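Participant: My structure is in start_22.txt, and what it holds is compact mmCIF, C-alpha atoms and all ligand atoms:
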```
# COMPACT_ATOMS: atom_id res chain seq x y z
CA MET A 1 96.55 106.06 109.50
CA THR A 2 98.89 103.84 111.46
CA ILE A 3 99.63 100.37 110.21
CA PRO A 4 100.72 97.93 112.90
CA ARG A 5 104.43 97.28 112.61
CA PRO A 6 106.04 94.96 111.87
CA LEU A 7 104.45 92.46 109.50
CA ILE A 8 106.16 89.12 109.07
CA ALA A 9 104.64 87.37 106.05
CA GLY A 10 105.48 83.86 104.89
CA ASN A 11 105.34 83.08 101.17
CA TRP A 12 104.95 79.33 100.78
CA LYS A 13 105.17 79.60 96.97
CA MET A 14 104.22 76.27 95.30
CA ASN A 15 104.92 74.29 98.45
CA GLY A 16 102.73 72.72 101.07
CA SER A 17 99.90 70.24 101.33
CA LEU A 18 97.15 69.49 103.80
CA ALA A 19 99.81 67.83 105.96
CA ALA A 20 101.73 71.13 106.10
CA LEU A 21 98.82 72.77 107.90
CA GLU A 22 100.33 71.21 111.01
CA GLU A 23 103.21 73.70 110.68
CA ALA A 24 100.69 76.54 110.59
CA ARG A 25 98.93 75.17 113.68
CA THR A 26 102.22 74.89 115.56
CA LEU A 27 103.05 78.46 114.60
CA ALA A 28 99.66 79.76 115.69
CA ALA A 29 99.92 78.02 119.06
CA ALA A 30 103.38 79.47 119.71
CA LEU A 31 102.25 82.98 118.78
CA SER A 32 99.31 83.13 121.07
CA GLY A 33 99.58 86.25 123.24
CA LYS A 34 102.32 87.86 121.11
CA SER A 35 101.40 91.15 119.48
CA VAL A 36 103.35 90.76 116.22
CA ARG A 37 101.38 90.67 112.98
CA VAL A 38 102.08 87.41 111.13
CA ALA A 39 100.71 86.13 107.83
CA ILE A 40 101.08 82.97 105.80
CA CYS A 41 100.45 83.03 102.04
CA PRO A 42 99.96 79.38 101.02
CA PRO A 43 99.04 78.06 97.55
CA SER A 44 95.44 79.03 96.83
CA THR A 45 94.16 75.46 97.32
CA LEU A 46 95.22 75.73 100.97
CA VAL A 47 93.69 79.12 101.77
CA GLY A 48 90.31 77.66 102.78
CA PRO A 49 91.70 74.68 104.72
CA MET A 50 94.19 76.97 106.44
CA ARG A 51 91.40 79.29 107.53
CA GLN A 52 89.66 76.28 109.08
CA ALA A 53 92.88 75.09 110.72
CA LEU A 54 93.61 78.53 112.16
CA LEU A 55 90.17 79.59 113.36
CA ASN A 56 90.53 81.96 116.32
CA SER A 57 94.24 82.35 115.70
CA GLN A 58 95.99 85.66 115.06
CA VAL A 59 97.77 84.32 111.96
CA LEU A 60 96.49 86.12 108.86
CA ILE A 61 96.14 84.29 105.57
CA GLY A 62 97.10 85.69 102.18
CA GLY A 63 97.14 84.71 98.52
CA GLN A 64 100.21 84.79 96.26
CA ASP A 65 98.63 86.48 93.23
CA CYS A 66 95.26 87.51 91.86
CA HIS A 67 93.79 88.35 88.46
CA PRO A 68 92.69 91.94 87.76
CA GLU A 69 89.10 90.88 86.93
CA VAL A 70 86.39 89.62 89.29
CA ALA A 71 85.51 86.58 87.13
CA GLY A 72 85.61 85.43 83.52
CA PRO A 73 87.37 83.28 80.93
CA PHE A 74 90.80 83.28 82.58
CA THR A 75 91.75 79.62 82.88
CA GLY A 76 93.95 78.88 85.85
CA ASP A 77 93.57 82.29 87.44
CA ILE A 78 91.95 83.33 90.70
CA SER A 79 90.32 86.64 91.61
CA ALA A 80 90.79 88.75 94.71
CA GLU A 81 87.15 88.14 95.58
CA MET A 82 87.67 84.36 95.42
CA LEU A 83 90.70 84.57 97.70
CA ALA A 84 88.78 86.76 100.14
CA GLU A 85 85.84 84.38 100.17
CA ALA A 86 88.20 81.50 100.94
CA GLY A 87 89.64 83.36 103.92
CA ALA A 88 92.52 85.50 102.65
CA VAL A 89 92.90 89.04 103.96
CA MET A 90 95.99 90.00 101.97
CA VAL A 91 97.74 89.12 98.72
CA ILE A 92 101.31 89.20 97.41
CA LEU A 93 101.48 90.91 94.00
CA GLY A 94 104.28 91.44 91.49
CA HIS A 95 106.60 88.84 93.01
CA SER A 96 109.74 88.63 90.87
CA GLU A 97 108.99 84.97 90.12
CA ARG A 98 105.71 86.06 88.53
CA ARG A 99 107.25 89.06 86.82
CA ALA A 100 109.89 86.73 85.31
CA ALA A 101 107.83 83.61 84.54
CA TYR A 102 104.62 85.31 83.40
CA GLY A 103 105.99 88.56 82.00
CA GLU A 104 104.09 90.66 84.51
CA THR A 105 104.70 94.31 83.81
CA ASP A 106 104.35 97.18 86.27
CA ASP A 107 101.02 98.07 84.59
CA ARG A 108 99.73 94.56 85.07
CA VAL A 109 100.83 94.56 88.72
CA ALA A 110 99.11 97.93 89.24
CA ALA A 111 95.88 96.50 87.80
CA LYS A 112 96.12 93.58 90.21
CA VAL A 113 96.70 95.95 93.12
CA GLY A 114 93.48 97.73 92.14
CA ALA A 115 91.73 94.37 92.09
CA ALA A 116 93.03 93.51 95.54
CA LEU A 117 91.60 96.75 96.93
CA ARG A 118 88.30 96.09 95.16
CA GLY A 119 88.18 92.60 96.70
CA GLY A 120 89.06 93.84 100.19
CA LEU A 121 92.58 92.37 100.28
CA GLU A 122 95.62 94.18 101.66
CA PRO A 123 98.27 94.19 98.91
CA ILE A 124 101.95 93.37 99.45
CA VAL A 125 103.60 94.72 96.31
CA CYS A 126 107.02 93.28 95.47
CA VAL A 127 109.87 95.11 93.79
CA GLY A 128 113.56 94.32 93.38
CA GLU A 129 116.54 94.45 91.07
CA THR A 130 118.59 91.73 89.36
CA LEU A 131 122.25 91.21 90.19
CA ASP A 132 123.26 92.72 86.84
CA GLN A 133 121.21 95.81 87.56
CA ARG A 134 122.84 96.16 90.98
CA LYS A 135 126.33 95.66 89.55
CA ALA A 136 125.59 98.31 86.94
CA GLY A 137 124.65 100.77 89.70
CA ASP A 138 121.01 100.81 88.60
CA ALA A 139 119.36 99.20 91.66
CA LEU A 140 117.86 102.41 93.05
CA SER A 141 116.53 103.65 89.72
CA VAL A 142 115.09 100.22 88.78
CA VAL A 143 113.29 99.81 92.09
CA THR A 144 111.95 103.35 92.33
CA ALA A 145 110.63 103.03 88.75
CA GLN A 146 108.90 99.78 89.75
CA ILE A 147 107.32 101.56 92.70
CA ARG A 148 106.00 104.38 90.50
CA GLY A 149 104.70 101.90 87.92
CA SER A 150 103.22 99.24 90.18
CA LEU A 151 101.38 101.34 92.75
CA PRO A 152 98.13 102.87 91.42
CA ALA A 153 96.92 106.21 92.77
CA THR A 154 93.93 104.41 94.32
CA LEU A 155 96.30 103.13 97.04
CA ALA A 156 96.39 106.60 98.61
CA GLY A 157 95.21 106.32 102.20
CA ARG A 158 94.81 102.51 101.97
CA VAL A 159 96.64 99.85 103.98
CA PHE A 160 99.37 98.18 101.93
CA SER A 161 103.01 97.11 102.09
CA VAL A 162 105.89 97.22 99.66
CA ALA A 163 108.31 94.29 99.77
CA TYR A 164 111.84 95.04 98.61
CA GLU A 165 113.22 91.73 97.39
CA PRO A 166 116.52 91.84 95.51
CA ILE A 167 116.07 89.02 92.98
CA TRP A 168 119.61 87.77 93.52
CA ALA A 169 118.88 87.33 97.25
CA ILE A 170 115.77 85.18 96.81
CA GLY A 171 116.41 81.57 97.74
CA THR A 172 120.19 82.00 97.37
CA GLY A 173 121.35 82.56 100.94
CA LEU A 174 122.83 85.88 99.77
CA THR A 175 121.66 89.16 101.29
CA PRO A 176 122.56 92.78 100.64
CA THR A 177 124.61 94.57 103.29
CA LEU A 178 122.66 96.41 105.96
CA SER A 179 123.65 99.71 104.44
CA GLU A 180 122.41 98.57 101.02
CA ILE A 181 119.08 97.54 102.60
CA GLU A 182 118.77 100.87 104.43
CA GLU A 183 119.73 102.89 101.37
CA MET A 184 117.03 101.12 99.33
CA HIS A 185 114.35 101.32 102.01
CA LEU A 186 115.00 105.05 102.47
CA ALA A 187 114.77 105.55 98.70
CA ILE A 188 111.49 103.62 98.61
CA ARG A 189 110.11 105.73 101.48
CA ALA A 190 111.09 108.92 99.64
CA THR A 191 109.40 107.66 96.47
CA LEU A 192 106.24 106.77 98.40
CA GLY A 193 106.26 110.33 99.73
CA ASP A 194 106.62 111.70 96.19
CA VAL A 195 103.75 109.57 94.93
CA PHE A 196 101.33 109.71 97.87
CA GLY A 197 102.32 112.84 99.78
CA THR A 198 101.84 112.49 103.54
CA ASP A 199 100.10 109.11 103.01
CA GLY A 200 103.45 107.83 101.80
CA SER A 201 104.76 107.63 105.34
CA SER A 202 102.30 104.89 106.38
CA PRO A 203 102.91 101.80 104.22
CA LEU A 204 105.29 99.23 105.65
CA ILE A 205 108.39 98.48 103.63
CA LEU A 206 109.23 94.81 104.08
CA TYR A 207 112.56 93.24 103.23
CA GLY A 208 112.58 89.83 101.50
CA GLY A 209 115.33 87.54 100.24
CA SER A 210 117.05 84.83 102.31
CA VAL A 211 115.70 86.06 105.65
CA LYS A 212 116.39 83.41 108.28
CA PRO A 213 116.53 83.22 112.08
CA SER A 214 120.26 84.05 112.10
CA ASN A 215 120.01 87.32 110.14
CA ALA A 216 116.48 88.43 111.02
CA ALA A 217 117.29 90.62 114.03
CA GLU A 218 119.75 92.88 112.26
CA ILE A 219 117.61 93.17 109.13
CA LEU A 220 114.39 93.83 111.05
CA HIS A 221 116.02 96.59 113.08
CA ALA A 222 117.47 98.40 110.08
CA ALA A 223 116.12 101.84 109.15
CA GLU A 224 112.73 101.79 107.44
CA VAL A 225 112.44 97.99 107.57
CA GLY A 226 108.84 97.38 108.60
CA GLY A 227 108.91 93.61 108.49
CA ALA A 228 109.89 90.70 106.29
CA LEU A 229 108.57 88.62 103.43
CA VAL A 230 109.97 85.16 104.02
CA GLY A 231 110.06 82.28 101.53
CA GLY A 232 111.94 79.08 102.39
CA ALA A 233 112.23 79.79 106.11
CA SER A 234 108.45 80.20 106.46
CA LEU A 235 107.76 76.55 105.62
CA LYS A 236 108.87 75.21 109.00
CA ALA A 237 107.22 76.64 112.10
CA THR A 238 110.46 76.57 114.10
CA ASP A 239 112.39 78.60 111.49
CA PHE A 240 109.54 81.04 110.96
CA LEU A 241 109.18 81.50 114.72
CA GLY A 242 112.92 82.17 114.98
CA ILE A 243 112.41 85.08 112.59
CA ILE A 244 109.27 86.34 114.34
CA GLU A 245 111.03 86.25 117.69
CA ALA A 246 113.78 88.48 116.30
CA VAL A 247 111.30 91.33 115.94
P1 LIG B 301 113.41 83.33 100.33
O1 LIG B 301 112.22 83.90 99.39
O2 LIG B 301 113.13 83.80 101.73
O3 LIG B 301 113.32 81.85 100.18
O4 LIG B 301 114.69 83.91 99.80
C1 LIG B 301 111.66 85.18 99.61
C2 LIG B 301 110.57 85.44 98.62
O5 LIG B 301 110.69 85.05 97.44
O6 LIG B 301 109.56 86.07 98.97
```
Turn the structure described in the file into structure tokens.

Facilitator:
Amino acid sequence: MTIPRPLIAGNWKMNGSLAALEEARTLAAALSGKSVRVAICPPSTLVGPMRQALLNSQVLIGGQDCHPEVAGPFTGDISAEMLAEAGAVMVILGHSERRAAYGETDDRVAAKVGAALRGGLEPIVCVGETLDQRKAGDALSVVTAQIRGSLPATLAGRVFSVAYEPIWAIGTGLTPTLSEIEEMHLAIRATLGDVFGTDGSSPLILYGGSVKPSNAAEILHAAEVGGALVGGASLKATDFLGIIEAV
């Protein structure tokens, strides 16, 4: 199976309002005719309105998390099926902010990935090391263990992405060197091959963490970088477009 490359996905986190849909409209208009695959993952309240705002546009819409179950007594949560009904086609799972703030374990993330597949959403599964782990020389072992723990066997043959996001690079303006990015992406590809056999060559491996227009070209052209997961710079159409144009 070939997955269109690259994917540039914007993670709005807990930002945005109905007024911000104008940024999404501007983005969609500027993309028309371009073949790159672009997604925006807004807060869940904006998924439905964004679908309406972007009807007939090529911009895909994603959620930022989903619960493992379809429905039930889980106050404040949202299921993959609910996101899909509102217009999402993909979902970010295991973001480090959720792993840190909500104690999400690899097992929990794997259960959510299963839920995403059940609900018809394409998962973007996030992994990444802390600065202490990198300084201790543990980055590769931490991230490959996260891959093994967070990706259920049911992903074999399915369309999904892994996003490598060093935690110390998120929202800080810091980025790893190109050789550190390539070393990690190659290690992730090898682990995907171990886990999924020949199917392990298909998933995109996105880089995330302080991607901006000025560094996007070199990052996006590094070995095994199949796209980007972009936080802050996805909130403004002009910045996000600057990244997309670097593809
Ligand atoms: P950033 O966030 O681009 O603002 O560093 C990336 C992310 O958390 O996905």

Participant: As a ChimeraX atom specification, please: the residues near Asn15 (chain A) (cut-off 9 Å, only C-alpha atoms, same-chain neighbours under 3 positions excluded).

Facilitator: /A:12,20,42-43,235

Participant: Would you list the residues that come within 9 Å of ligand LIG 301 (chain B)? Count all atoms listed in the file and give the answer as a PDB file with C-alpha atoms, keeping the file's coordinate frame.

Facilitator:
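Written output follows (part_31.pdb):
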```pdb
ATOM      1  CA  ALA A   9     104.640  87.370 106.050  1.00  0.00           C
ATOM      2  CA  GLY A  10     105.480  83.860 104.890  1.00  0.00           C
ATOM      3  CA  ASN A  11     105.340  83.080 101.170  1.00  0.00           C
ATOM      4  CA  TRP A  12     104.950  79.330 100.780  1.00  0.00           C
ATOM      5  CA  LYS A  13     105.170  79.600  96.970  1.00  0.00           C
ATOM      6  CA  ILE A  92     101.310  89.200  97.410  1.00  0.00           C
ATOM      7  CA  HIS A  95     106.600  88.840  93.010  1.00  0.00           C
ATOM      8  CA  SER A  96     109.740  88.630  90.870  1.00  0.00           C
ATOM      9  CA  GLU A  97     108.990  84.970  90.120  1.00  0.00           C
ATOM     10  CA  CYS A 126     107.020  93.280  95.470  1.00  0.00           C
ATOM     11  CA  ALA A 163     108.310  94.290  99.770  1.00  0.00           C
ATOM     12  CA  GLU A 165     113.220  91.730  97.390  1.00  0.00           C
ATOM     13  CA  ILE A 167     116.070  89.020  92.980  1.00  0.00           C
ATOM     14  CA  TRP A 168     119.610  87.770  93.520  1.00  0.00           C
ATOM     15  CA  ALA A 169     118.880  87.330  97.250  1.00  0.00           C
ATOM     16  CA  ILE A 170     115.770  85.180  96.810  1.00  0.00           C
ATOM     17  CA  GLY A 171     116.410  81.570  97.740  1.00  0.00           C
ATOM     18  CA  THR A 172     120.190  82.000  97.370  1.00  0.00           C
ATOM     19  CA  GLY A 173     121.350  82.560 100.940  1.00  0.00           C
ATOM     20  CA  LEU A 174     122.830  85.880  99.770  1.00  0.00           C
ATOM     21  CA  THR A 175     121.660  89.160 101.290  1.00  0.00           C
ATOM     22  CA  TYR A 207     112.560  93.240 103.230  1.00  0.00           C
ATOM     23  CA  GLY A 208     112.580  89.830 101.500  1.00  0.00           C
ATOM     24  CA  GLY A 209     115.330  87.540 100.240  1.00  0.00           C
ATOM     25  CA  SER A 210     117.050  84.830 102.310  1.00  0.00           C
ATOM     26  CA  VAL A 211     115.700  86.060 105.650  1.00  0.00           C
ATOM     27  CA  LYS A 212     116.390  83.410 108.280  1.00  0.00           C
ATOM     28  CA  ALA A 228     109.890  90.700 106.290  1.00  0.00           C
ATOM     29  CA  LEU A 229     108.570  88.620 103.430  1.00  0.00           C
ATOM     30  CA  VAL A 230     109.970  85.160 104.020  1.00  0.00           C
ATOM     31  CA  GLY A 231     110.060  82.280 101.530  1.00  0.00           C
ATOM     32  CA  GLY A 232     111.940  79.080 102.390  1.00  0.00           C
ATOM     33  CA  ALA A 233     112.230  79.790 106.110  1.00  0.00           C
ATOM     34  CA  SER A 234     108.450  80.200 106.460  1.00  0.00           C
TER      35      SER A 234
END
```

Participant: Quick one: everything within 12 Å of Ser161 (chain A), counting all atoms listed in the file, minus sequence neighbours fewer than 6 positions away in the same chain. Send it as a PyMOL selection string.

Facilitator: chain A and resi 3-9+90-93+113+121-127+147+151+155+188-189+192+200-207+225-229

Participant: Of the candidates A:Gln133, A:Val36, A:Ala145, A:Glu224, which one gets nearest to Ile243 (chain A) if we count all atoms listed in the file?

Facilitator: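 Answer, going by the shortest atom-to-atom distance: A:Val36.
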
Participant: With a distance cut-off of 7 Å and only C-alpha atoms, select the neighbouring residues of region 52-67 of chain A, excluding the residue or stretch itself and same-chain residues fewer than 2 positions from it, and output the selection as a ChimeraX atom specification.

Facilitator: /A:21,25,28,38-44,47-50,69,77-80,83,87-93,112

Participant: Using all atoms listed in the file, determine which residues lie at most 9 Å from Leu46 (chain A), disregarding the query and same-chain residues fewer than 5 positions distant; provide the list as a PDB file with C-alpha atoms, in the frame of the given file.

Facilitator:
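Dumped to around.pdb:
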```pdb
ATOM      1  CA  GLY A  16     102.730  72.720 101.070  1.00  0.00           C
ATOM      2  CA  SER A  17      99.900  70.240 101.330  1.00  0.00           C
ATOM      3  CA  LEU A  18      97.150  69.490 103.800  1.00  0.00           C
ATOM      4  CA  LEU A  21      98.820  72.770 107.900  1.00  0.00           C
ATOM      5  CA  ARG A  51      91.400  79.290 107.530  1.00  0.00           C
TER       6      ARG A  51
END
```

Participant: I'd like to know which of A:Gly242, A:Gly197, A:Pro176, A:Gly157 is closest to Ser214 (chain A), using only C-alpha atoms.

Facilitator: A:Gly242

Participant: Could you give me, as a PyMOL selection string, the residues within 10 Å of Glu218 (chain A), counting only C-alpha atoms and dropping anything in the same chain fewer than 2 positions from it?

Facilitator: chain A and resi 178+214-216+220-222+246-247

Participant: Find, counting only C-alpha atoms, the residue in A:Val70, A:Thr45, A:Thr177, A:Arg98 that gets nearest to Ala86 (chain A).

Facilitator: A:Thr45

Participant: How many Å separate CA of Ile244 (chain A) from CA of Ala30 (chain A)?

Facilitator: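 Interatomic distance, CA of Ile244 (chain A) to CA of Ala30 (chain A): 10.5 Å.
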
Participant: Reconstruct region 48-63 of chain A at the level of N, CA and C atoms, and format the result as a PDB file, in the coordinates of the input.

Facilitator:
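So out-v8.pdb came out as:
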```
ATOM      1  N   GLY A  48      91.510  78.052 102.027  1.00  0.00           N
ATOM      2  CA  GLY A  48      90.310  77.660 102.780  1.00  0.00           C
ATOM      3  C   GLY A  48      90.626  76.707 103.923  1.00  0.00           C
ATOM      4  N   PRO A  49      91.335  75.594 103.627  1.00  0.00           N
ATOM      5  CA  PRO A  49      91.700  74.680 104.720  1.00  0.00           C
ATOM      6  C   PRO A  49      92.527  75.359 105.812  1.00  0.00           C
ATOM      7  N   MET A  50      93.382  76.304 105.418  1.00  0.00           N
ATOM      8  CA  MET A  50      94.190  76.970 106.440  1.00  0.00           C
ATOM      9  C   MET A  50      93.309  77.856 107.324  1.00  0.00           C
ATOM     10  N   ARG A  51      92.317  78.488 106.707  1.00  0.00           N
ATOM     11  CA  ARG A  51      91.400  79.290 107.530  1.00  0.00           C
ATOM     12  C   ARG A  51      90.730  78.383 108.572  1.00  0.00           C
ATOM     13  N   GLN A  52      90.297  77.205 108.131  1.00  0.00           N
ATOM     14  CA  GLN A  52      89.660  76.280 109.080  1.00  0.00           C
ATOM     15  C   GLN A  52      90.641  75.856 110.162  1.00  0.00           C
ATOM     16  N   ALA A  53      91.887  75.572 109.753  1.00  0.00           N
ATOM     17  CA  ALA A  53      92.880  75.090 110.720  1.00  0.00           C
ATOM     18  C   ALA A  53      93.262  76.176 111.718  1.00  0.00           C
ATOM     19  N   LEU A  54      93.122  77.440 111.315  1.00  0.00           N
ATOM     20  CA  LEU A  54      93.610  78.530 112.160  1.00  0.00           C
ATOM     21  C   LEU A  54      92.480  79.390 112.718  1.00  0.00           C
ATOM     22  N   LEU A  55      91.282  78.835 112.785  1.00  0.00           N
ATOM     23  CA  LEU A  55      90.170  79.590 113.360  1.00  0.00           C
ATOM     24  C   LEU A  55      90.565  80.096 114.734  1.00  0.00           C
ATOM     25  N   ASN A  56      90.213  81.347 115.024  1.00  0.00           N
ATOM     26  CA  ASN A  56      90.530  81.960 116.320  1.00  0.00           C
ATOM     27  C   ASN A  56      92.016  82.182 116.554  1.00  0.00           C
ATOM     28  N   SER A  57      92.825  82.062 115.500  1.00  0.00           N
ATOM     29  CA  SER A  57      94.240  82.350 115.700  1.00  0.00           C
ATOM     30  C   SER A  57      94.531  83.747 115.142  1.00  0.00           C
ATOM     31  N   GLN A  58      95.650  84.314 115.539  1.00  0.00           N
ATOM     32  CA  GLN A  58      95.990  85.660 115.060  1.00  0.00           C
ATOM     33  C   GLN A  58      96.726  85.620 113.726  1.00  0.00           C
ATOM     34  N   VAL A  59      97.040  84.413 113.222  1.00  0.00           N
ATOM     35  CA  VAL A  59      97.770  84.320 111.960  1.00  0.00           C
ATOM     36  C   VAL A  59      96.846  84.702 110.803  1.00  0.00           C
ATOM     37  N   LEU A  60      97.281  85.669 110.014  1.00  0.00           N
ATOM     38  CA  LEU A  60      96.490  86.120 108.860  1.00  0.00           C
ATOM     39  C   LEU A  60      96.845  85.250 107.657  1.00  0.00           C
ATOM     40  N   ILE A  61      95.911  85.139 106.732  1.00  0.00           N
ATOM     41  CA  ILE A  61      96.140  84.290 105.570  1.00  0.00           C
ATOM     42  C   ILE A  61      96.104  85.166 104.315  1.00  0.00           C
ATOM     43  N   GLY A  62      97.044  84.899 103.408  1.00  0.00           N
ATOM     44  CA  GLY A  62      97.100  85.690 102.180  1.00  0.00           C
ATOM     45  C   GLY A  62      97.211  84.808 100.957  1.00  0.00           C
ATOM     46  N   GLY A  63      96.906  85.377  99.794  1.00  0.00           N
ATOM     47  CA  GLY A  63      97.140  84.710  98.520  1.00  0.00           C
ATOM     48  C   GLY A  63      98.503  85.123  97.968  1.00  0.00           C
TER      49      GLY A  63
END
```
